[in-house]
file structure.csv (CSV, C-alpha atoms and all ligand atoms)
chain,number,residue,atom,x,y,z
U,259,MET,CA,59.3,154.6,113.5
U,260,LYS,CA,59.1,151.8,116.0
U,261,VAL,CA,62.3,150.2,117.1
U,262,CYS,CA,61.8,146.5,118.1
U,263,ASN,CA,64.6,144.6,119.7
U,264,THR,CA,62.7,141.3,120.3
U,265,LYS,CA,60.7,138.9,118.1
U,266,LYS,CA,57.7,139.5,120.4
U,267,GLU,CA,57.8,143.3,119.8
U,268,ILE,CA,58.0,143.0,116.0
U,269,ARG,CA,55.3,140.4,116.0
U,270,THR,CA,53.0,142.8,117.8
U,271,VAL,CA,53.7,145.5,115.3
U,272,ARG,CA,53.1,143.0,112.4
U,273,ASP,CA,49.8,142.0,113.9
U,274,GLU,CA,48.8,145.7,114.1
U,275,PHE,CA,49.6,146.1,110.4
U,276,ARG,CA,47.6,143.0,109.5
U,277,ALA,CA,44.6,144.2,111.5
U,278,GLN,CA,44.8,147.5,109.4
U,279,GLY,CA,44.7,145.4,106.3
U,280,ALA,CA,48.0,146.9,105.2
U,281,SER,CA,50.5,145.2,102.8
U,282,VAL,CA,53.9,144.8,104.3
U,283,GLY,CA,57.3,145.2,102.6
U,284,LEU,CA,60.5,143.8,104.3
U,285,VAL,CA,64.0,145.2,103.7
U,286,PRO,CA,66.5,142.8,105.4
U,287,THR,CA,69.9,144.4,106.0
U,288,MET,CA,73.0,144.0,108.2
U,289,GLY,CA,73.1,147.7,108.9
U,290,TYR,CA,75.7,150.4,108.1
U,291,LEU,CA,73.3,151.6,105.5
U,292,HIS,CA,74.2,153.2,102.3
U,293,LYS,CA,72.4,154.5,99.2
U,294,GLY,CA,71.9,150.9,97.9
U,295,HIS,CA,69.9,150.0,101.0
U,296,ILE,CA,68.0,153.2,100.8
U,297,GLU,CA,67.0,152.3,97.2
U,298,LEU,CA,65.5,149.0,98.6
U,299,VAL,CA,63.6,151.0,101.1
U,300,LYS,CA,62.4,153.5,98.5
U,301,GLN,CA,61.1,150.7,96.3
U,302,ALA,CA,59.3,149.1,99.3
U,303,ARG,CA,57.9,152.5,100.3
U,304,ALA,CA,56.6,153.0,96.8
U,305,THR,CA,54.7,149.7,96.6
U,306,CYS,CA,53.7,148.7,100.2
U,307,ASP,CA,51.4,150.3,102.8
U,308,ARG,CA,53.9,149.5,105.6
U,309,VAL,CA,57.7,149.0,105.5
U,310,ILE,CA,59.7,147.0,108.0
U,311,ALA,CA,63.5,147.1,107.9
U,312,THR,CA,65.7,144.7,109.8
U,313,ILE,CA,69.3,145.3,111.0
U,314,PHE,CA,71.1,142.1,112.1
U,315,VAL,CA,74.7,141.2,111.5
U,316,ASN,CA,74.0,137.5,111.0
U,317,PRO,CA,76.9,135.5,112.6
U,318,THR,CA,75.9,132.3,110.8
U,319,GLN,CA,76.8,133.7,107.3
U,320,PHE,CA,80.4,134.6,108.3
U,321,GLY,CA,83.1,132.0,108.2
U,322,PRO,CA,85.6,131.5,111.1
U,323,ASN,CA,88.2,133.8,109.4
U,324,GLU,CA,85.8,136.3,108.1
U,325,ASP,CA,85.1,139.9,109.1
U,326,LEU,CA,82.2,139.4,111.6
U,327,SER,CA,83.8,141.4,114.4
U,328,SER,CA,85.1,144.2,112.2
U,329,TYR,CA,81.8,144.4,110.2
U,330,PRO,CA,80.9,148.2,110.4
U,331,ARG,CA,78.1,149.2,112.7
U,332,ASP,CA,76.4,152.5,113.3
U,333,LEU,CA,72.8,152.0,114.6
U,334,GLU,CA,72.0,155.7,115.4
U,335,ARG,CA,72.9,156.7,111.8
U,336,ASP,CA,71.0,153.8,110.4
U,337,PHE,CA,67.9,154.7,112.4
U,338,ALA,CA,68.0,158.3,111.2
U,339,MET,CA,68.3,157.2,107.6
U,340,LEU,CA,65.4,154.8,107.9
U,341,GLN,CA,63.3,157.3,109.7
U,342,ASP,CA,63.9,159.9,106.9
U,343,GLU,CA,62.7,157.3,104.3
U,344,GLY,CA,59.4,156.8,106.2
U,345,VAL,CA,60.1,153.3,107.5
U,346,ASP,CA,57.4,152.2,109.9
U,347,ALA,CA,59.3,149.7,112.0
U,348,VAL,CA,62.9,148.4,112.4
U,349,PHE,CA,63.7,145.1,113.9
U,350,VAL,CA,67.1,144.9,115.6
U,351,PRO,CA,67.3,141.6,117.4
U,352,SER,CA,70.2,140.3,119.4
U,353,PRO,CA,72.0,137.1,118.2
U,354,GLN,CA,70.7,135.4,121.4
U,355,ASP,CA,67.1,136.2,120.5
U,356,MET,CA,67.5,135.2,116.9
U,357,TYR,CA,69.3,131.9,117.6
U,358,LEU,CA,68.0,130.2,120.7
U,359,LEU,CA,70.5,128.0,122.5
U,360,GLY,CA,70.5,124.6,120.9
U,361,SER,CA,69.3,125.8,117.5
U,362,GLU,CA,70.1,123.1,115.0
U,363,THR,CA,67.8,123.6,112.0
U,364,VAL,CA,69.0,125.2,108.8
U,365,VAL,CA,67.6,126.0,105.4
U,366,GLU,CA,69.8,125.4,102.3
U,367,THR,CA,69.5,125.4,98.6
U,368,LYS,CA,71.8,122.5,97.7
U,369,ARG,CA,73.4,123.3,94.3
U,370,LEU,CA,73.0,127.1,94.2
U,371,SER,CA,74.6,127.7,97.6
U,372,ARG,CA,77.7,125.6,96.9
U,373,ILE,CA,78.8,127.2,93.6
U,374,LEU,CA,80.6,130.5,92.9
U,375,ILE,CA,80.8,132.5,96.1
U,376,GLY,CA,79.6,129.4,98.0
U,377,ARG,CA,82.9,127.8,97.1
U,378,ILE,CA,84.9,130.7,98.3
U,379,ARG,CA,82.7,131.1,101.4
U,380,PRO,CA,81.5,127.6,102.4
U,381,GLY,CA,78.3,127.8,104.6
U,382,HIS,CA,77.7,131.4,103.7
U,383,PHE,CA,74.5,130.9,101.8
U,384,GLN,CA,73.2,128.4,104.3
U,385,GLY,CA,73.5,131.2,106.9
U,386,VAL,CA,71.7,133.6,104.6
U,387,THR,CA,68.8,131.3,103.7
U,388,THR,CA,68.4,130.3,107.3
U,389,VAL,CA,68.3,133.8,108.7
U,390,VAL,CA,66.1,135.1,105.8
U,391,THR,CA,63.6,132.3,106.4
U,392,LYS,CA,63.5,133.2,110.1
U,393,LEU,CA,63.0,136.9,109.2
U,394,PHE,CA,60.2,136.0,106.9
U,395,ASN,CA,58.6,133.8,109.5
U,396,ILE,CA,58.9,136.5,112.2
U,397,CYS,CA,57.8,139.5,110.1
U,398,GLN,CA,55.5,137.7,107.6
U,399,PRO,CA,55.9,140.3,104.8
U,400,ASP,CA,54.0,140.3,101.5
U,401,TYR,CA,57.1,141.5,99.6
U,402,ALA,CA,60.8,141.4,100.4
U,403,TYR,CA,63.5,143.5,98.7
U,404,PHE,CA,67.1,142.5,97.9
U,405,GLY,CA,69.8,144.1,95.8
U,406,GLU,CA,70.8,142.7,92.4
U,407,LYS,CA,74.4,143.5,93.4
U,408,ASP,CA,74.4,140.3,95.5
U,409,TYR,CA,73.2,138.5,92.4
U,410,GLN,CA,73.8,134.9,93.6
U,411,GLN,CA,72.1,135.7,97.0
U,412,LEU,CA,69.1,137.0,95.1
U,413,GLN,CA,68.9,133.9,93.0
U,414,VAL,CA,69.4,131.6,96.0
U,415,ILE,CA,66.6,133.4,97.9
U,416,LYS,CA,64.2,133.3,94.9
U,417,ARG,CA,64.9,129.6,94.5
U,418,MET,CA,64.3,128.9,98.3
U,419,VAL,CA,61.0,130.8,98.2
U,420,ARG,CA,59.9,128.9,95.1
U,421,ASP,CA,61.0,125.5,96.4
U,422,LEU,CA,59.5,125.9,99.9
U,423,ASP,CA,56.3,127.7,98.8
U,424,VAL,CA,57.2,130.6,101.1
U,425,PRO,CA,54.3,133.2,100.8
U,426,VAL,CA,56.5,136.2,100.0
U,427,GLU,CA,57.2,137.9,96.7
U,428,ILE,CA,60.8,138.6,96.1
U,429,LYS,CA,61.7,141.9,94.4
U,430,GLY,CA,65.2,142.4,93.0
U,431,VAL,CA,66.5,146.0,93.0
U,432,PRO,CA,69.2,147.3,90.5
U,433,THR,CA,72.7,148.1,91.9
U,434,VAL,CA,73.3,151.6,93.1
U,435,ARG,CA,76.9,152.9,92.2
U,436,GLU,CA,79.3,155.5,93.4
U,437,GLY,CA,80.2,158.2,90.9
U,438,ASP,CA,83.2,156.2,89.6
U,439,GLY,CA,81.1,153.1,89.1
U,440,LEU,CA,82.0,151.1,92.3
U,441,ALA,CA,78.9,149.2,93.5
U,442,MET,CA,77.7,150.5,96.9
U,443,SER,CA,78.6,148.1,99.7
U,444,SER,CA,79.0,148.4,103.4
U,445,ARG,CA,82.4,146.8,102.9
U,446,ASN,CA,83.7,149.8,100.8
U,447,ILE,CA,84.4,151.6,104.0
U,448,MET,CA,87.0,148.9,104.9
U,449,LEU,CA,89.1,149.6,101.8
U,450,THR,CA,92.3,151.6,102.2
U,451,PRO,CA,92.3,154.9,100.3
U,452,GLU,CA,94.6,153.3,97.6
U,453,ASP,CA,92.4,150.2,97.3
U,454,ARG,CA,89.2,152.3,97.1
U,455,ILE,CA,90.7,154.1,94.0
U,456,ALA,CA,91.8,150.8,92.6
U,457,ALA,CA,88.4,149.2,93.1
U,458,VAL,CA,87.0,151.0,90.1
U,459,ALA,CA,88.6,148.1,88.2
U,460,LEU,CA,85.5,145.9,88.8
U,461,SER,CA,83.0,148.1,87.0
U,462,ARG,CA,85.5,149.0,84.3
U,463,ALA,CA,86.0,145.3,83.6
U,464,LEU,CA,82.3,144.7,83.5
U,465,ASN,CA,81.8,147.7,81.2
U,466,ALA,CA,84.4,146.2,78.8
U,467,ALA,CA,82.5,142.9,78.8
U,468,GLU,CA,79.2,144.5,78.1
U,469,GLU,CA,80.7,146.6,75.2
U,470,MET,CA,82.2,143.4,73.7
U,471,CYS,CA,78.9,141.6,73.8
U,472,VAL,CA,77.2,144.5,72.0
U,473,SER,CA,79.8,144.9,69.3
U,474,GLN,CA,80.6,141.3,68.4
U,475,SER,CA,79.7,137.6,68.7
U,476,VAL,CA,81.5,136.2,71.8
U,477,THR,CA,82.2,132.9,73.5
U,478,ALA,CA,81.9,132.6,77.3
U,479,ARG,CA,85.7,131.9,77.4
U,480,LEU,CA,86.5,135.1,75.5
U,481,LEU,CA,84.2,137.1,77.7
U,482,SER,CA,85.7,135.7,80.9
U,483,ASN,CA,89.3,136.2,79.7
U,484,THR,CA,88.6,139.8,78.8
U,485,ILE,CA,87.2,140.5,82.2
U,486,ARG,CA,90.1,138.7,84.0
U,487,SER,CA,92.8,140.5,82.0
U,488,ARG,CA,91.1,143.9,82.6
U,489,LEU,CA,91.0,143.2,86.3
U,490,GLU,CA,94.6,142.0,86.3
U,491,GLU,CA,95.7,145.3,84.8
U,492,GLU,CA,95.1,146.6,88.4
U,493,PRO,CA,98.0,145.4,90.5
U,494,ARG,CA,96.2,145.8,93.8
U,495,ALA,CA,93.3,143.5,92.7
U,496,ASP,CA,93.6,139.9,93.8
U,497,VAL,CA,91.1,138.2,91.4
U,498,GLN,CA,89.2,135.4,93.1
U,499,SER,CA,86.8,134.4,90.4
U,500,VAL,CA,85.3,135.4,87.1
U,501,ASP,CA,82.3,133.4,86.0
U,502,ILE,CA,79.9,133.6,83.1
U,503,ARG,CA,76.7,131.9,84.0
U,504,ASP,CA,73.1,131.5,82.9
U,505,ALA,CA,71.4,134.6,84.3
U,506,GLU,CA,68.7,132.6,86.1
U,507,THR,CA,70.0,129.2,87.0
U,508,LEU,CA,73.6,130.2,87.3
U,509,THR,CA,74.7,127.0,85.4
U,510,SER,CA,78.0,127.2,83.5
U,511,ILE,CA,77.9,128.5,79.9
U,512,ARG,CA,80.2,127.0,77.3
U,513,GLY,CA,80.8,128.2,73.7
U,514,ARG,CA,79.1,131.1,72.0
U,515,ILE,CA,76.8,133.2,74.1
U,516,GLU,CA,73.3,133.0,72.7
U,517,ARG,CA,71.1,134.0,75.6
U,518,SER,CA,71.3,136.4,78.6
U,519,VAL,CA,74.2,135.6,80.9
U,520,VAL,CA,75.5,137.1,84.0
U,521,ALA,CA,79.2,137.9,84.5
U,522,LEU,CA,80.0,137.5,88.2
U,523,ILE,CA,83.3,138.7,89.7
U,524,ALA,CA,84.8,138.5,93.1
U,525,VAL,CA,88.0,140.4,93.8
U,526,ARG,CA,90.0,140.8,97.0
U,527,PHE,CA,91.7,144.1,98.0
U,528,GLY,CA,93.7,143.3,101.0
U,529,SER,CA,91.3,141.4,103.3
U,530,VAL,CA,88.2,142.9,101.7
U,531,LEU,CA,86.3,140.8,99.2
U,532,LEU,CA,84.3,142.9,96.7
U,533,ILE,CA,81.8,141.4,94.3
U,534,ASP,CA,80.0,142.8,91.3
U,535,GLN,CA,77.9,141.5,88.4
U,536,ARG,CA,76.5,142.5,85.0
U,537,VAL,CA,73.7,140.8,83.1
U,538,VAL,CA,74.7,140.9,79.4
U,539,THR,CA,72.6,139.9,76.4
U,540,PRO,CA,74.2,139.1,73.1
U,541,SER,CA,73.5,141.5,70.2
U,542,GLN,CA,70.7,140.2,68.0
U,543,VAL,CA,72.6,141.5,65.0
U,544,HIS,CA,75.7,139.3,65.7
U,545,LEU,CA,73.5,136.3,66.6
U,546,GLN,CA,71.8,136.4,63.2
U,547,LYS,CA,75.1,136.8,61.3
U,548,ALA,CA,76.7,133.8,63.1
J,601,LIG,O1,72.5,141.1,102.0
J,601,LIG,C1,72.6,141.1,103.3
J,601,LIG,O2,72.8,142.2,103.9
J,601,LIG,C2,72.4,139.9,104.1
J,601,LIG,O3,73.0,138.8,103.4
J,601,LIG,C3,70.9,139.6,104.5
J,601,LIG,C4,70.1,139.3,103.3
J,601,LIG,C5,70.4,140.8,105.3
J,601,LIG,C6,70.9,138.4,105.4
J,601,LIG,O4,71.6,138.5,106.5
call {"tool": "encode", "arguments": {"input": "structure.csv", "output": "C-alpha cells"}}
result
Amino acid sequence: MKVCNTKKEIRTVRDEFRAQGASVGLVPTMGYLHKGHIELVKQARATCDRVIATIFVNPTQFGPNEDLSSYPRDLERDFAMLQDEGVDAVFVPSPQDMYLLGSETVVETKRLSRILIGRIRPGHFQGVTTVVTKLFNICQPDYAYFGEKDYQQLQVIKRMVRDLDVPVEIKGVPTVREGDGLAMSSRNIMLTPEDRIAAVALSRALNAAEEMCVSQSVTARLLSNTIRSRLEEEPRADVQSVDIRDAETLTSIRGRIERSVVALIAVRFGSVLLIDQRVVTPSQVHLQKA
C-alpha cells in the first residue's frame, strides 16, 4: 500500500492506475477507522481494480465550537487496517496542502445543506462538499463510497455530483452496527461508558418506528412523536432533532405516509452528537385499506 502525503504523490499513483486501464474506487474518510469504514473499503475492493482511501480530518466541516481538536486519530492503526483490506494507496494530506493560503472557493448545495443537520451545524455540508470535490479532482475516481449512516451527507453528495456533472458514480453502503444496534461511528469512542450504554436508545427508537409502519397506517407526526418519546425515555439523551422526510429529496412529509420516507435523528450525549437514520416504507396492506 502506497502512503501519499501530497497531492503530487497521489496524482502520480492515479496516473499509474490510469495507464494500467484500471477502474478506481475512492473511500474518503477522516480516519480512526471502524468496521463501517472497512465495509466501504470491502465494497470498493469487490467492484474496482484499484482502491484509494483518504484520511483527512477536514477542518472546514467543523464549526468553531466543535470537536476538531479532540477528533480521534490513530494513523498507524488505520494504515494496518487498510493494508489488511488490500487498499492500493492511501492519501493523507496536511491541511496546508489541501487548503492553499488564500483559498476562497467553496462548493455548496443550497437547500439540502441548510436543512436538518445543516441547521444544527451551519457550514458543515459546505465543508463536506468542498473537500469531497477536491478529493474527486485530485484522485479522479470512477466510483466513490459513502455510508448510508450519514444519510443527509450521502444525499448532499449525490445531488452535488448530479448538479455539477461530476464524472464519479456514488455508491451508498448500508450502516454497520455494534451488537446492541448502535451505528458504528468514530465518535462512539468519545462517549462516557454510561452514555455508550444509553446510546442504544437511537436504534431502539428507530426499530419502534419501523415496526409501527409495518403494522399500521401512520402519519408523519405520529411516527415522529413515537420516535421522540422513545428517545426521551432515556434520561441521558438530549434529543436535538427527529425528522421524517422524503427518502430522496429530504423534503418535509405531512399527513399520512404513502411512500418511502427516512426517519433522521440527532441526539446529544454530553458533548457528543450522534446521528442515525432508517428508511421506512409503509405497509401496502395498510395503504390499500385506508
Ligand atoms: O464522512 C466523513 O468521514 C467525511 O464527512 C468525509 C466524507 C470524509 C469528508 O470529509
call {"tool": "closest_atom_pairs", "arguments": {"input": "structure.csv", "of": "chain U", "to": "ligand LIG 601 (chain J)", "cutoff": "7 Å", "atoms": "only C-alpha atoms and all ligand atoms", "output": "Markdown table"}}
result
| residue | atom | partner | partner_atom | distance |
| --- | --- | --- | --- | --- |
| U:Pro286 | CA | J:LIG601 | C5 | 4.4 |
| U:Thr287 | CA | J:LIG601 | C5 | 3.7 |
| U:Met288 | CA | J:LIG601 | O2 | 4.7 |
| U:Phe314 | CA | J:LIG601 | O4 | 6.7 |
| U:Val315 | CA | J:LIG601 | O4 | 6.5 |
| U:Asn316 | CA | J:LIG601 | O4 | 5.2 |
| U:Val386 | CA | J:LIG601 | C6 | 4.9 |
| U:Val389 | CA | J:LIG601 | O4 | 6.1 |
| U:Val390 | CA | J:LIG601 | C6 | 5.8 |
| U:Phe404 | CA | J:LIG601 | O1 | 6.9 |
| U:Asp408 | CA | J:LIG601 | O1 | 6.8 |
call {"tool": "residues_around", "arguments": {"input": "structure.csv", "residues": "Asp496 (chain U)", "least_positions_apart": "6", "cutoff": "7 Å", "atoms": "all atoms listed in the file", "output": "PyMOL selection string"}}
result
chain U and resi 525-527
call {"tool": "closest_residue", "arguments": {"input": "structure.csv", "among": "U:Pro399, U:Pro432, U:Gly439, U:Pro353", "to": "Leu284 (chain U)", "atoms": "all atoms listed in the file"}}
result
U:Pro399
call {"tool": "residues_around", "arguments": {"input": "structure.csv", "residues": "region 355-360 of chain U", "least_positions_apart": "6", "cutoff": "9 Å", "atoms": "all atoms listed in the file", "output": "PDB file with C-alpha atoms, in the frame of the given file"}}
result
ATOM      1  CA  ASN U 263      64.600 144.600 119.700  1.00  0.00           C
ATOM      2  CA  THR U 264      62.700 141.300 120.300  1.00  0.00           C
ATOM      3  CA  LYS U 265      60.700 138.900 118.100  1.00  0.00           C
ATOM      4  CA  VAL U 389      68.300 133.800 108.700  1.00  0.00           C
ATOM      5  CA  LYS U 392      63.500 133.200 110.100  1.00  0.00           C
TER       6      LYS U 392
END
call {"tool": "closest_residue", "arguments": {"input": "structure.csv", "among": "U:Asp307, U:Glu427, U:Glu516, U:Glu490", "to": "Val476 (chain U)", "atoms": "all atoms listed in the file"}}
result
U:Glu516
call {"tool": "residues_around", "arguments": {"input": "structure.csv", "residues": "Ile396 (chain U)", "least_positions_apart": "4", "cutoff": "9 Å", "atoms": "only C-alpha atoms", "output": "number ranges by chain"}}
result
U: 265-266, 268-269, 272, 391-392
call {"tool": "atom_distance", "arguments": {"input": "structure.csv", "atom1": "CA of Arg462 (chain U)", "atom2": "CA of Lys407 (chain U)"}}
result
15.4 Å
call {"tool": "closest_residue", "arguments": {"input": "structure.csv", "among": "U:Met418, U:Val350, U:Asp504, U:Pro317", "to": "Glu334 (chain U)", "atoms": "all atoms listed in the file"}}
result
U:Val350
call {"tool": "decode", "arguments": {"input": "structure.csv", "residues": "region 450-462 of chain U", "atoms": "all heavy atoms", "output": "mmCIF file, in the first residue's frame"}}
result
data_model
loop_
_atom_site.group_PDB
_atom_site.id
_atom_site.type_symbol
_atom_site.label_atom_id
_atom_site.label_comp_id
_atom_site.auth_asym_id
_atom_site.auth_seq_id
_atom_site.Cartn_x
_atom_site.Cartn_y
_atom_site.Cartn_z
ATOM 1 N N THR U 450 -18.942 8.579 27.229
ATOM 2 C CA THR U 450 -18.592 8.002 28.536
ATOM 3 C C THR U 450 -19.190 6.590 28.563
ATOM 4 O O THR U 450 -20.120 6.305 27.789
ATOM 5 C CB THR U 450 -19.219 8.816 29.684
ATOM 6 O OG1 THR U 450 -20.645 8.717 29.563
ATOM 7 C CG2 THR U 450 -18.786 10.278 29.653
ATOM 8 N N PRO U 451 -18.702 5.703 29.454
ATOM 9 C CA PRO U 451 -19.267 4.343 29.496
ATOM 10 C C PRO U 451 -20.780 4.369 29.705
ATOM 11 O O PRO U 451 -21.513 3.581 29.095
ATOM 12 C CB PRO U 451 -18.557 3.703 30.684
ATOM 13 C CG PRO U 451 -17.280 4.467 30.837
ATOM 14 C CD PRO U 451 -17.564 5.869 30.375
ATOM 15 N N GLU U 452 -21.272 5.299 30.542
ATOM 16 C CA GLU U 452 -22.717 5.373 30.808
ATOM 17 C C GLU U 452 -23.460 5.814 29.544
ATOM 18 O O GLU U 452 -24.512 5.258 29.193
ATOM 19 C CB GLU U 452 -23.031 6.371 31.934
ATOM 20 C CG GLU U 452 -22.487 6.000 33.297
ATOM 21 C CD GLU U 452 -20.979 6.266 33.434
ATOM 22 O OE1 GLU U 452 -20.408 6.999 32.581
ATOM 23 O OE2 GLU U 452 -20.376 5.730 34.368
ATOM 24 N N ASP U 453 -22.905 6.821 28.848
ATOM 25 C CA ASP U 453 -23.560 7.299 27.627
ATOM 26 C C ASP U 453 -23.513 6.234 26.528
ATOM 27 O O ASP U 453 -24.450 6.115 25.730
ATOM 28 C CB ASP U 453 -22.902 8.592 27.125
ATOM 29 C CG ASP U 453 -23.257 9.784 27.996
ATOM 30 O OD1 ASP U 453 -24.251 9.689 28.741
ATOM 31 O OD2 ASP U 453 -22.546 10.807 27.934
ATOM 32 N N ARG U 454 -22.413 5.471 26.510
ATOM 33 C CA ARG U 454 -22.312 4.419 25.487
ATOM 34 C C ARG U 454 -23.453 3.402 25.645
ATOM 35 O O ARG U 454 -24.050 2.973 24.654
ATOM 36 C CB ARG U 454 -20.941 3.731 25.581
ATOM 37 C CG ARG U 454 -20.813 2.441 24.783
ATOM 38 C CD ARG U 454 -20.967 2.683 23.290
ATOM 39 N NE ARG U 454 -21.127 1.441 22.546
ATOM 40 C CZ ARG U 454 -22.284 0.803 22.372
ATOM 41 N NH1 ARG U 454 -23.413 1.266 22.877
ATOM 42 N NH2 ARG U 454 -22.325 -0.309 21.660
ATOM 43 N N ILE U 455 -23.755 3.062 26.903
ATOM 44 C CA ILE U 455 -24.856 2.109 27.140
ATOM 45 C C ILE U 455 -26.184 2.758 26.742
ATOM 46 O O ILE U 455 -27.018 2.167 26.059
ATOM 47 C CB ILE U 455 -24.884 1.660 28.633
ATOM 48 C CG1 ILE U 455 -23.636 0.832 28.928
ATOM 49 C CG2 ILE U 455 -26.148 0.862 28.942
ATOM 50 C CD1 ILE U 455 -23.382 0.580 30.405
ATOM 51 N N ALA U 456 -26.326 4.044 27.135
ATOM 52 C CA ALA U 456 -27.586 4.752 26.881
ATOM 53 C C ALA U 456 -27.836 4.971 25.385
ATOM 54 O O ALA U 456 -28.985 5.088 24.947
ATOM 55 C CB ALA U 456 -27.573 6.094 27.609
ATOM 56 N N ALA U 457 -26.736 5.018 24.599
ATOM 57 C CA ALA U 457 -26.854 5.365 23.177
ATOM 58 C C ALA U 457 -27.623 4.331 22.352
ATOM 59 O O ALA U 457 -28.014 4.612 21.200
ATOM 60 C CB ALA U 457 -25.467 5.586 22.578
ATOM 61 N N VAL U 458 -27.876 3.174 22.938
ATOM 62 C CA VAL U 458 -28.690 2.171 22.246
ATOM 63 C C VAL U 458 -30.110 2.711 22.007
ATOM 64 O O VAL U 458 -30.854 2.211 21.144
ATOM 65 C CB VAL U 458 -28.705 0.846 23.055
ATOM 66 C CG1 VAL U 458 -29.523 0.977 24.324
ATOM 67 C CG2 VAL U 458 -29.215 -0.304 22.213
ATOM 68 N N ALA U 459 -30.455 3.782 22.722
ATOM 69 C CA ALA U 459 -31.785 4.402 22.561
ATOM 70 C C ALA U 459 -32.058 4.791 21.103
ATOM 71 O O ALA U 459 -33.217 4.747 20.659
ATOM 72 C CB ALA U 459 -31.888 5.636 23.456
ATOM 73 N N LEU U 460 -31.025 5.167 20.354
ATOM 74 C CA LEU U 460 -31.256 5.613 18.966
ATOM 75 C C LEU U 460 -31.817 4.479 18.106
ATOM 76 O O LEU U 460 -32.847 4.638 17.445
ATOM 77 C CB LEU U 460 -29.958 6.137 18.332
ATOM 78 C CG LEU U 460 -29.552 7.577 18.679
ATOM 79 C CD1 LEU U 460 -28.812 7.628 20.003
ATOM 80 C CD2 LEU U 460 -28.707 8.185 17.580
ATOM 81 N N SER U 461 -31.128 3.340 18.127
ATOM 82 C CA SER U 461 -31.592 2.263 17.243
ATOM 83 C C SER U 461 -32.908 1.680 17.759
ATOM 84 O O SER U 461 -33.757 1.270 16.960
ATOM 85 C CB SER U 461 -30.526 1.182 17.081
ATOM 86 O OG SER U 461 -30.215 0.622 18.322
ATOM 87 N N ARG U 462 -33.109 1.698 19.094
ATOM 88 C CA ARG U 462 -34.380 1.202 19.642
ATOM 89 C C ARG U 462 -35.542 2.064 19.138
ATOM 90 O O ARG U 462 -36.587 1.544 18.751
ATOM 91 C CB ARG U 462 -34.351 1.274 21.165
ATOM 92 C CG ARG U 462 -33.847 0.025 21.756
ATOM 93 C CD ARG U 462 -34.311 -0.084 23.208
ATOM 94 N NE ARG U 462 -33.409 -0.978 23.884
ATOM 95 C CZ ARG U 462 -32.815 -0.729 25.036
ATOM 96 N NH1 ARG U 462 -33.049 0.384 25.673
ATOM 97 N NH2 ARG U 462 -32.008 -1.611 25.553
#
